[in-house]
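Everything below concerns the one structure shown next.
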Amino acid sequence: DTGVSQDPRHKITKRGQNVTFRCDPISEHNRLYWYRQTLGQGPEFLTYFQNEAQLEKSRLLSDRFSAERPKGSFSTLEIQRTEQGDSAMYLCASSSTFGQGVTGELFFGEGSRLTVL
Amino acid sequence: AQKVTQAQTEISVVEKEDVTLDCVYETRDTTYYLFWYKQPPSGELVFLIRRNSFDEQNEISGRYSWNFQKSTSSFNFTITASQVVDSAVYFCALSGEQGAQKLVFGQGTRLTINP
């Protein structure tokens with residue numbers, strides 16, 4: 001078990017460009033989450049998937065953001081027409097609804113840091 | 001709405017001192033879950049503990065202990081005999097009846113343990 005991995009770890013882009021982040025969850029986990037963390041703040045929930053179904057999206061997730069988990073394994077988070085306010089750490093986490101149940105812990109990746117110039 | 005408040009932005013202590021990190025929460029749910037996570041400089045959030053609203057028993061794990069008091073809506077975290085490796089940002093978090101898919105985090109407390 002290699003844990004949750006995220007790619008890229010760092011991304012610097014110019015305002016208006018599109019960026020995509022990838023998350024590979026722990027293989028047996030059926031739930032996958034995206035959070036955003038800005039400097040000095042706690043993570044904020046963006047969206048989550050159970051298998052390939054996106055079950056909830058936060059109001060923080062504007063129309064420029066789209067997340068997919070096409071085969072119920074890895075997930076991508078795309079930000080279109082990036083703005084400076086999108087600069088943040090994007091965290092992915094996974095969990096299982098089996099065993100520990102839905103109250104089980106989330107396993108987080110190390111995050112993808114986005115800087116929009 | 002759910003809310004978690006960690007009033008201590010930064011704490012700095014000398015190694016071997018005991019330190020308590022405060023967490024106060026707000027929720028209207030009767031069933032809820034409280035968490036503590038540690039975020040070292042690498043950025044990865046590390047799970048420390050989960051407690052459900054029906055279990056007010058305090059818990060001790062090595063040098064770590066947690067004090068859950070529903071009467072004051074608090075879930076405080078104490079590190080005994082702190083070590084330099086404990087330096088990190090610590091987050092308290094809350095989830096509602098639907099479980100852990102939507103954690104509400106506090107702003108975090110940056111803990112620095114000086115040698």
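Ordering of the structure tokens sets the chain letters (A, B, ...), residue numbers begin anew at 1 in every chain, and ligands are numbered from 1 in the order given.
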
Show me a table, sorted first by chain and then by increasing residue number, of the residues of chain A having an atom at most 8 Å from chain B, each with its shortest atom pair and the distance in Å to one decimal, counting only C-alpha atoms and written as CSV.
residue,atom,partner,partner_atom,distance
A:Tyr33,CA,B:Gln101,CA,7.3
A:Gly40,CA,B:Gln107,CA,7.0
A:Gln41,CA,B:Gln107,CA,4.7
A:Gly42,CA,B:Gln107,CA,4.5
A:Pro43,CA,B:Phe105,CA,6.2
A:Glu44,CA,B:Val104,CA,6.9
A:Phe45,CA,B:Lys102,CA,6.2
A:Tyr48,CA,B:Gln101,CA,7.0
A:Val102,CA,B:Gly99,CA,5.2
A:Thr103,CA,B:Gly99,CA,4.8
A:Gly104,CA,B:Ala100,CA,6.6
A:Glu105,CA,B:Phe47,CA,6.8
A:Leu106,CA,B:Phe47,CA,7.3
A:Phe107,CA,B:Phe47,CA,7.3
A:Phe108,CA,B:Leu45,CA,5.6
A:Gly109,CA,B:Glu44,CA,5.6
A:Glu110,CA,B:Glu44,CA,4.1
A:Gly111,CA,B:Gly43,CA,6.8

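Within 9 Å of B:Val24, once only C-alpha atoms are used and residues closer than 2 positions along the same chain are dropped, the contacting residues are Lys3, Val4, Thr5, Gln6, Ala7, Asp22, Glu26, Thr72, Ser73, Ser74, Phe75, Asn76, Cys92 and Gly106 of chain B.
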
Prev. selection, N, CA and C atoms, output as a short mmCIF file (atom, residue, chain, number, x, y, z; two decimals), in the first residue's frame:
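Generated file (result.cif):
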data_model
loop_
_atom_site.label_atom_id
_atom_site.label_comp_id
_atom_site.auth_asym_id
_atom_site.auth_seq_id
_atom_site.Cartn_x
_atom_site.Cartn_y
_atom_site.Cartn_z
N LYS B 3 -19.19 24.34 12.53
CA LYS B 3 -18.04 25.23 12.65
C LYS B 3 -17.06 24.68 13.67
N VAL B 4 -15.78 24.83 13.38
CA VAL B 4 -14.73 24.42 14.31
C VAL B 4 -13.82 25.62 14.54
N THR B 5 -13.56 25.90 15.80
CA THR B 5 -12.72 27.04 16.15
C THR B 5 -11.50 26.57 16.93
N GLN B 6 -10.36 26.91 16.40
CA GLN B 6 -9.10 26.67 17.11
C GLN B 6 -8.51 28.05 17.37
N ALA B 7 -8.73 28.53 18.57
CA ALA B 7 -8.39 29.91 18.88
C ALA B 7 -6.89 30.17 18.91
N ASP B 22 -6.49 23.63 21.94
CA ASP B 22 -7.93 23.75 22.16
C ASP B 22 -8.72 23.62 20.87
N GLU B 26 -19.19 23.67 16.78
CA GLU B 26 -20.61 23.99 16.75
C GLU B 26 -21.28 23.07 15.74
N THR B 72 -19.33 21.55 26.97
CA THR B 72 -18.66 22.78 26.53
C THR B 72 -18.31 22.74 25.05
N SER B 73 -18.78 21.70 24.36
CA SER B 73 -18.50 21.53 22.91
C SER B 73 -17.01 21.66 22.63
N SER B 74 -16.24 20.96 23.40
CA SER B 74 -14.80 21.05 23.23
C SER B 74 -14.18 19.66 23.05
N PHE B 75 -13.08 19.63 22.33
CA PHE B 75 -12.36 18.38 22.07
C PHE B 75 -10.88 18.75 22.06
N ASN B 76 -10.31 18.86 23.23
CA ASN B 76 -8.94 19.35 23.38
C ASN B 76 -7.92 18.22 23.31
N CYS B 92 -8.21 20.36 14.09
CA CYS B 92 -9.40 19.70 14.63
C CYS B 92 -10.46 19.75 13.54
N GLY B 106 -10.97 23.20 11.48
CA GLY B 106 -10.61 24.48 12.08
C GLY B 106 -9.45 25.09 11.32
#

**OP:** Could you pull out the residues in chain A that DSSP calls helix (DSSP H, G or I) from the backbone, as a ChimeraX atom specification?
**Re:** /A:84-86,101-103

Written selection (N, CA and C atoms) as an mmCIF file, in the first residue's frame:
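In the end it all went to selection01.cif:
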data_model
loop_
_atom_site.group_PDB
_atom_site.id
_atom_site.type_symbol
_atom_site.label_atom_id
_atom_site.label_comp_id
_atom_site.auth_asym_id
_atom_site.auth_seq_id
_atom_site.Cartn_x
_atom_site.Cartn_y
_atom_site.Cartn_z
ATOM 1 N N GLN A 84 -5.917 34.195 -9.979
ATOM 2 C CA GLN A 84 -4.950 34.247 -8.885
ATOM 3 C C GLN A 84 -5.539 33.692 -7.594
ATOM 4 N N GLY A 85 -6.828 33.850 -7.423
ATOM 5 C CA GLY A 85 -7.496 33.335 -6.236
ATOM 6 C C GLY A 85 -7.550 31.820 -6.167
ATOM 7 N N ASP A 86 -7.191 31.158 -7.250
ATOM 8 C CA ASP A 86 -7.165 29.696 -7.253
ATOM 9 C C ASP A 86 -5.878 29.164 -6.629
ATOM 10 N N GLY A 101 -16.307 1.640 8.093
ATOM 11 C CA GLY A 101 -17.562 2.314 7.832
ATOM 12 C C GLY A 101 -17.390 3.758 7.407
ATOM 13 N N VAL A 102 -18.458 4.468 7.227
ATOM 14 C CA VAL A 102 -18.386 5.814 6.676
ATOM 15 C C VAL A 102 -17.774 6.802 7.648
ATOM 16 N N THR A 103 -17.568 6.401 8.869
ATOM 17 C CA THR A 103 -16.939 7.321 9.798
ATOM 18 C C THR A 103 -15.446 7.075 9.886
#

**OP:** Please give the complete set of residues from chain B that DSSP, run on the backbone, assigns to strand (DSSP E or B), formatted as a PyMOL selection string.
**Re:** chain B and resi 3-5+10-14+19-21+24-26+33-39+46-52+59-61+64-69+74-79+88-95+104-105+109-114

Original post:
Using only C-alpha atoms, which of the listed residues (A:Ser58, A:Thr82, A:Pro70, A:Val19) sits closest to A:Arg36?
Top reply: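 Nearest to A:Arg36: A:Ser58.
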
Original post:
Skipping near chain neighbours, those fewer than 5 positions away, what residues fall within 8 Å of B:Glu15 using only C-alpha atoms, listed as a list in words?
Top reply: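 Result of the neighbour search: Ala81, Ser82, Gln83, Val84, Ile113, Asn114 and Pro115 of chain B.
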
Any chance you could export the current selection's all heavy atoms as a compact mmCIF listing (two decimals), in the first residue's frame?
# COMPACT_ATOMS: atom_id res chain seq x y z
N ALA B 81 5.08 15.79 27.66
CA ALA B 81 6.52 15.66 27.41
C ALA B 81 6.83 15.85 25.92
O ALA B 81 7.35 14.96 25.25
CB ALA B 81 7.03 14.31 27.91
N SER B 82 6.51 17.01 25.42
CA SER B 82 6.62 17.29 23.98
C SER B 82 8.04 17.05 23.45
O SER B 82 9.03 17.18 24.19
CB SER B 82 6.20 18.73 23.69
OG SER B 82 7.03 19.64 24.40
N GLN B 83 8.08 16.71 22.17
CA GLN B 83 9.35 16.47 21.49
C GLN B 83 9.41 17.33 20.24
O GLN B 83 8.38 17.71 19.68
CB GLN B 83 9.47 14.99 21.13
CG GLN B 83 9.44 14.06 22.32
CD GLN B 83 9.48 12.59 21.91
OE1 GLN B 83 9.55 12.25 20.73
NE2 GLN B 83 9.44 11.71 22.91
N VAL B 84 10.61 17.58 19.76
CA VAL B 84 10.79 18.41 18.57
C VAL B 84 10.00 17.84 17.39
O VAL B 84 9.44 18.58 16.58
CB VAL B 84 12.29 18.54 18.22
CG1 VAL B 84 12.47 19.25 16.88
CG2 VAL B 84 13.02 19.30 19.33
N ILE B 113 8.01 23.10 18.81
CA ILE B 113 8.69 22.58 19.99
C ILE B 113 10.17 22.93 19.84
O ILE B 113 10.83 22.46 18.90
CB ILE B 113 8.52 21.06 20.13
CG1 ILE B 113 7.05 20.67 20.01
CG2 ILE B 113 9.10 20.59 21.46
CD1 ILE B 113 6.14 21.25 21.06
N ASN B 114 10.66 23.73 20.72
CA ASN B 114 12.05 24.17 20.66
C ASN B 114 12.95 23.28 21.52
O ASN B 114 12.58 22.92 22.62
CB ASN B 114 12.17 25.62 21.12
CG ASN B 114 11.37 26.56 20.26
OD1 ASN B 114 11.62 26.70 19.07
ND2 ASN B 114 10.37 27.21 20.85
N PRO B 115 14.12 22.95 21.01
CA PRO B 115 15.02 22.08 21.78
C PRO B 115 15.59 22.79 23.00
O PRO B 115 15.56 24.00 23.10
CB PRO B 115 16.14 21.74 20.78
CG PRO B 115 16.00 22.69 19.68
CD PRO B 115 14.62 23.25 19.68

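We find atom CA of A:His10 and atom CA of A:Met89 to be spaced 8.9 Å apart.
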
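Near A:Arg64, within a cut-off of 12 Å and counting only C-alpha atoms, sit the residues A:Gly16, A:Gln17, A:Asn18, A:Val19, A:Thr20, A:Leu77, A:Glu78, A:Ile79, A:Gln80, A:Arg81, A:Thr82, A:Glu83, A:Asp86, with same-chain residues fewer than 6 positions away left out.
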
Go ahead and save the picked residues with all heavy atoms, as an mmCIF file, in the first residue's frame.
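The resulting file, out-v2.cif, is reproduced below:
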data_model
loop_
_atom_site.group_PDB
_atom_site.id
_atom_site.type_symbol
_atom_site.label_atom_id
_atom_site.label_comp_id
_atom_site.auth_asym_id
_atom_site.auth_seq_id
_atom_site.Cartn_x
_atom_site.Cartn_y
_atom_site.Cartn_z
ATOM 1 N N GLY A 16 -5.406 32.479 -16.524
ATOM 2 C CA GLY A 16 -6.115 32.184 -17.753
ATOM 3 C C GLY A 16 -5.820 30.817 -18.338
ATOM 4 O O GLY A 16 -6.558 30.339 -19.215
ATOM 5 N N GLN A 17 -4.754 30.185 -17.857
ATOM 6 C CA GLN A 17 -4.409 28.852 -18.352
ATOM 7 C C GLN A 17 -5.236 27.792 -17.623
ATOM 8 O O GLN A 17 -5.765 28.011 -16.531
ATOM 9 C CB GLN A 17 -2.917 28.585 -18.132
ATOM 10 C CG GLN A 17 -2.009 29.528 -18.886
ATOM 11 C CD GLN A 17 -2.144 29.349 -20.382
ATOM 12 O OE1 GLN A 17 -2.001 28.252 -20.909
ATOM 13 N NE2 GLN A 17 -2.428 30.444 -21.088
ATOM 14 N N ASN A 18 -5.318 26.621 -18.226
ATOM 15 C CA ASN A 18 -5.989 25.481 -17.599
ATOM 16 C C ASN A 18 -4.957 24.585 -16.927
ATOM 17 O O ASN A 18 -3.833 24.444 -17.428
ATOM 18 C CB ASN A 18 -6.749 24.664 -18.652
ATOM 19 C CG ASN A 18 -7.832 25.461 -19.344
ATOM 20 O OD1 ASN A 18 -8.244 26.512 -18.863
ATOM 21 N ND2 ASN A 18 -8.265 24.967 -20.488
ATOM 22 N N VAL A 19 -5.338 24.003 -15.812
ATOM 23 C CA VAL A 19 -4.450 23.064 -15.121
ATOM 24 C C VAL A 19 -5.249 21.827 -14.728
ATOM 25 O O VAL A 19 -6.468 21.896 -14.524
ATOM 26 C CB VAL A 19 -3.808 23.675 -13.854
ATOM 27 C CG1 VAL A 19 -2.915 24.848 -14.217
ATOM 28 C CG2 VAL A 19 -4.852 24.082 -12.845
ATOM 29 N N THR A 20 -4.561 20.725 -14.638
ATOM 30 C CA THR A 20 -5.194 19.469 -14.227
ATOM 31 C C THR A 20 -4.325 18.774 -13.199
ATOM 32 O O THR A 20 -3.111 18.652 -13.379
ATOM 33 C CB THR A 20 -5.400 18.529 -15.429
ATOM 34 O OG1 THR A 20 -6.259 19.165 -16.381
ATOM 35 C CG2 THR A 20 -6.047 17.222 -14.989
ATOM 36 N N LEU A 77 -8.769 16.607 -11.243
ATOM 37 C CA LEU A 77 -9.404 17.887 -10.923
ATOM 38 C C LEU A 77 -8.857 18.915 -11.904
ATOM 39 O O LEU A 77 -7.648 19.162 -11.938
ATOM 40 C CB LEU A 77 -9.084 18.315 -9.490
ATOM 41 C CG LEU A 77 -9.623 19.688 -9.048
ATOM 42 C CD1 LEU A 77 -11.148 19.655 -8.963
ATOM 43 C CD2 LEU A 77 -9.040 20.090 -7.696
ATOM 44 N N GLU A 78 -9.727 19.460 -12.733
ATOM 45 C CA GLU A 78 -9.302 20.430 -13.726
ATOM 46 C C GLU A 78 -9.821 21.809 -13.353
ATOM 47 O O GLU A 78 -10.978 21.961 -12.937
ATOM 48 C CB GLU A 78 -9.806 20.059 -15.124
ATOM 49 C CG GLU A 78 -9.360 21.056 -16.183
ATOM 50 C CD GLU A 78 -9.909 20.765 -17.575
ATOM 51 O OE1 GLU A 78 -10.857 19.963 -17.687
ATOM 52 O OE2 GLU A 78 -9.380 21.342 -18.547
ATOM 53 N N ILE A 79 -8.962 22.789 -13.487
ATOM 54 C CA ILE A 79 -9.361 24.177 -13.293
ATOM 55 C C ILE A 79 -9.150 24.906 -14.610
ATOM 56 O O ILE A 79 -8.038 24.942 -15.142
ATOM 57 C CB ILE A 79 -8.539 24.873 -12.190
ATOM 58 C CG1 ILE A 79 -8.536 24.044 -10.899
ATOM 59 C CG2 ILE A 79 -9.099 26.272 -11.912
ATOM 60 C CD1 ILE A 79 -7.624 24.586 -9.809
ATOM 61 N N GLN A 80 -10.210 25.442 -15.135
ATOM 62 C CA GLN A 80 -10.130 26.179 -16.401
ATOM 63 C C GLN A 80 -10.000 27.680 -16.116
ATOM 64 O O GLN A 80 -10.527 28.184 -15.122
ATOM 65 C CB GLN A 80 -11.373 25.908 -17.247
ATOM 66 C CG GLN A 80 -11.503 24.453 -17.668
ATOM 67 C CD GLN A 80 -12.729 24.208 -18.541
ATOM 68 O OE1 GLN A 80 -13.753 24.858 -18.374
ATOM 69 N NE2 GLN A 80 -12.607 23.283 -19.472
ATOM 70 N N ARG A 81 -9.307 28.351 -17.004
ATOM 71 C CA ARG A 81 -9.164 29.817 -16.932
ATOM 72 C C ARG A 81 -8.768 30.240 -15.515
ATOM 73 O O ARG A 81 -9.477 30.995 -14.854
ATOM 74 C CB ARG A 81 -10.463 30.495 -17.356
ATOM 75 C CG ARG A 81 -10.951 30.070 -18.730
ATOM 76 C CD ARG A 81 -12.235 30.781 -19.137
ATOM 77 N NE ARG A 81 -13.335 30.589 -18.198
ATOM 78 C CZ ARG A 81 -14.081 29.509 -18.104
ATOM 79 N NH1 ARG A 81 -13.856 28.479 -18.913
ATOM 80 N NH2 ARG A 81 -15.055 29.435 -17.220
ATOM 81 N N THR A 82 -7.640 29.749 -15.086
ATOM 82 C CA THR A 82 -7.223 29.956 -13.708
ATOM 83 C C THR A 82 -7.156 31.436 -13.346
ATOM 84 O O THR A 82 -6.851 32.305 -14.190
ATOM 85 C CB THR A 82 -5.857 29.328 -13.429
ATOM 86 O OG1 THR A 82 -4.921 29.786 -14.421
ATOM 87 C CG2 THR A 82 -5.936 27.824 -13.439
ATOM 88 N N GLU A 83 -7.452 31.704 -12.081
ATOM 89 C CA GLU A 83 -7.391 33.052 -11.524
ATOM 90 C C GLU A 83 -6.407 33.030 -10.359
ATOM 91 O O GLU A 83 -6.130 31.972 -9.780
ATOM 92 C CB GLU A 83 -8.778 33.482 -11.037
ATOM 93 C CG GLU A 83 -9.832 33.477 -12.120
ATOM 94 C CD GLU A 83 -11.229 33.740 -11.575
ATOM 95 O OE1 GLU A 83 -11.366 33.856 -10.328
ATOM 96 O OE2 GLU A 83 -12.170 33.825 -12.386
ATOM 97 N N ASP A 86 -7.191 31.158 -7.250
ATOM 98 C CA ASP A 86 -7.165 29.696 -7.253
ATOM 99 C C ASP A 86 -5.878 29.164 -6.629
ATOM 100 O O ASP A 86 -5.757 27.957 -6.387
ATOM 101 C CB ASP A 86 -7.273 29.160 -8.681
ATOM 102 C CG ASP A 86 -8.581 29.535 -9.345
ATOM 103 O OD1 ASP A 86 -9.594 29.698 -8.626
ATOM 104 O OD2 ASP A 86 -8.604 29.663 -10.589
#
